[in-house]
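**Student:** Dropping a structure here in structure tokens format, bear with me for questions.
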Amino acid sequence: MMKQSKTFLLGTAAALAFAAAPALAHEDHSHGAADHAKLTDDRKALKLEPSERAMLLIEMRQFLNGIQVMTESLSHDDLKAVASAAKPLGRAAMHEVPDAMKAKLPLEFKQLASAVHGGFDQLAMDAESLGDAKHTQKQLAGILKNCVSCHNAFQIPALPEKK
Ligand code: HEC
């Protein structure tokens, strides 16, 4: 019993440290969570102009907005609404990224981004044609894995604005 609750606490502490890691990374020193802080320090830093960073983060928030609508619609079995939320997040959105910015992005980053966009295209098509909520949920879970992989691998530090 004692042992169980200790394991539980450690697990919770690890989860909290992990969740708080991005905030800790900005501090000069962090106490007690050295391993987790090190994990985030290892994320490859993409060097983007402030406007490029802003563009990418807007796209990220659109992903999250879309997923919010999709999960809510899934809970109502409204697969048509899922499809309309997923469509704008598909590959077509990739053409909006300027070539100069694409050139700065590592191959792994572009592959993960492409997998996510392609995943939303497929999800939208299947949600419309199959109308199978479980299938759509599985696809969404698969897409989210790629979100997670990329977030664990990359960061975009904010550079000072050019005066
Ligand atoms: C190809 C890489 C990649 C993929 C795929 C990706 N992201 Fe991101 N995302 C990033 C990076 C890099 C950041 C900035 C992280 C940092 O600097 O700490 C970010 C930041 C974010 C943010 C914060 C936005 C802000 O305004 O600060 C959200 C929300 C987000 N992503 C959601 C998602 C969701 C949801 C998905 C999947 C549908 C996703 N991302 C897929 C790379 C990615």
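We name chains A, B, ... following the order of the structure tokens; residues begin at 1 in each chain, and ligands are numbered from 1 as shown.
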Please identify every polymer residue within 8 Å of ligand 1, using only C-alpha atoms and all ligand atoms, and present the set as number ranges by chain.

**Tutor:** A: 22, 45-46, 54, 56-65, 67, 108-116, 143-151, 153-158

**Student:** Could you name the residues that touch His117 of chain A at 8 Å or less, counting only C-alpha atoms, but leaving out those on the same chain fewer than 6 positions away, as a VMD selection string?

**Tutor:** chain A and resid 89 to 91 93 to 94

**Student:** Would you mind exporting the chosen residues as a PDB file, in the first residue's frame, restricted to C-alpha atoms?

**Tutor:**
```
ATOM      1  CA  LEU A  89      -5.881  21.827 -41.565  1.00  0.00           C
ATOM      2  CA  GLY A  90      -5.010  19.568 -44.509  1.00  0.00           C
ATOM      3  CA  ARG A  91      -2.172  19.715 -46.996  1.00  0.00           C
ATOM      4  CA  ALA A  93      -2.566  24.840 -45.788  1.00  0.00           C
ATOM      5  CA  MET A  94       1.079  23.905 -46.426  1.00  0.00           C
TER       6      MET A  94
END
```

**Student:** Need to verify the contact set: Ala85 of chain A, 8 Å, only C-alpha atoms, exclusion of same-chain residues closer than 6 positions in sequence. Can you return it as a PyMOL selection string?

**Tutor:** chain A and resi 66-67+69-70

**Student:** Do you have the atom CA of Gln68 of chain A-atom CA of Asp42 of chain A distance handy?

**Tutor:**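 We find that atom CA of Gln68 of chain A and atom CA of Asp42 of chain A lie 29.4 Å from each other.
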
**Student:** For a quick check of understanding, using only C-alpha atoms, which of A:Pro160, A:Leu48, A:Ala127, A:Asn152 has the smallest distance to Ser73 of chain A?

**Tutor:**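 Going through A:Pro160, A:Leu48, A:Ala127, A:Asn152 one by one, the smallest distance to Ser73 of chain A is for A:Ala127.
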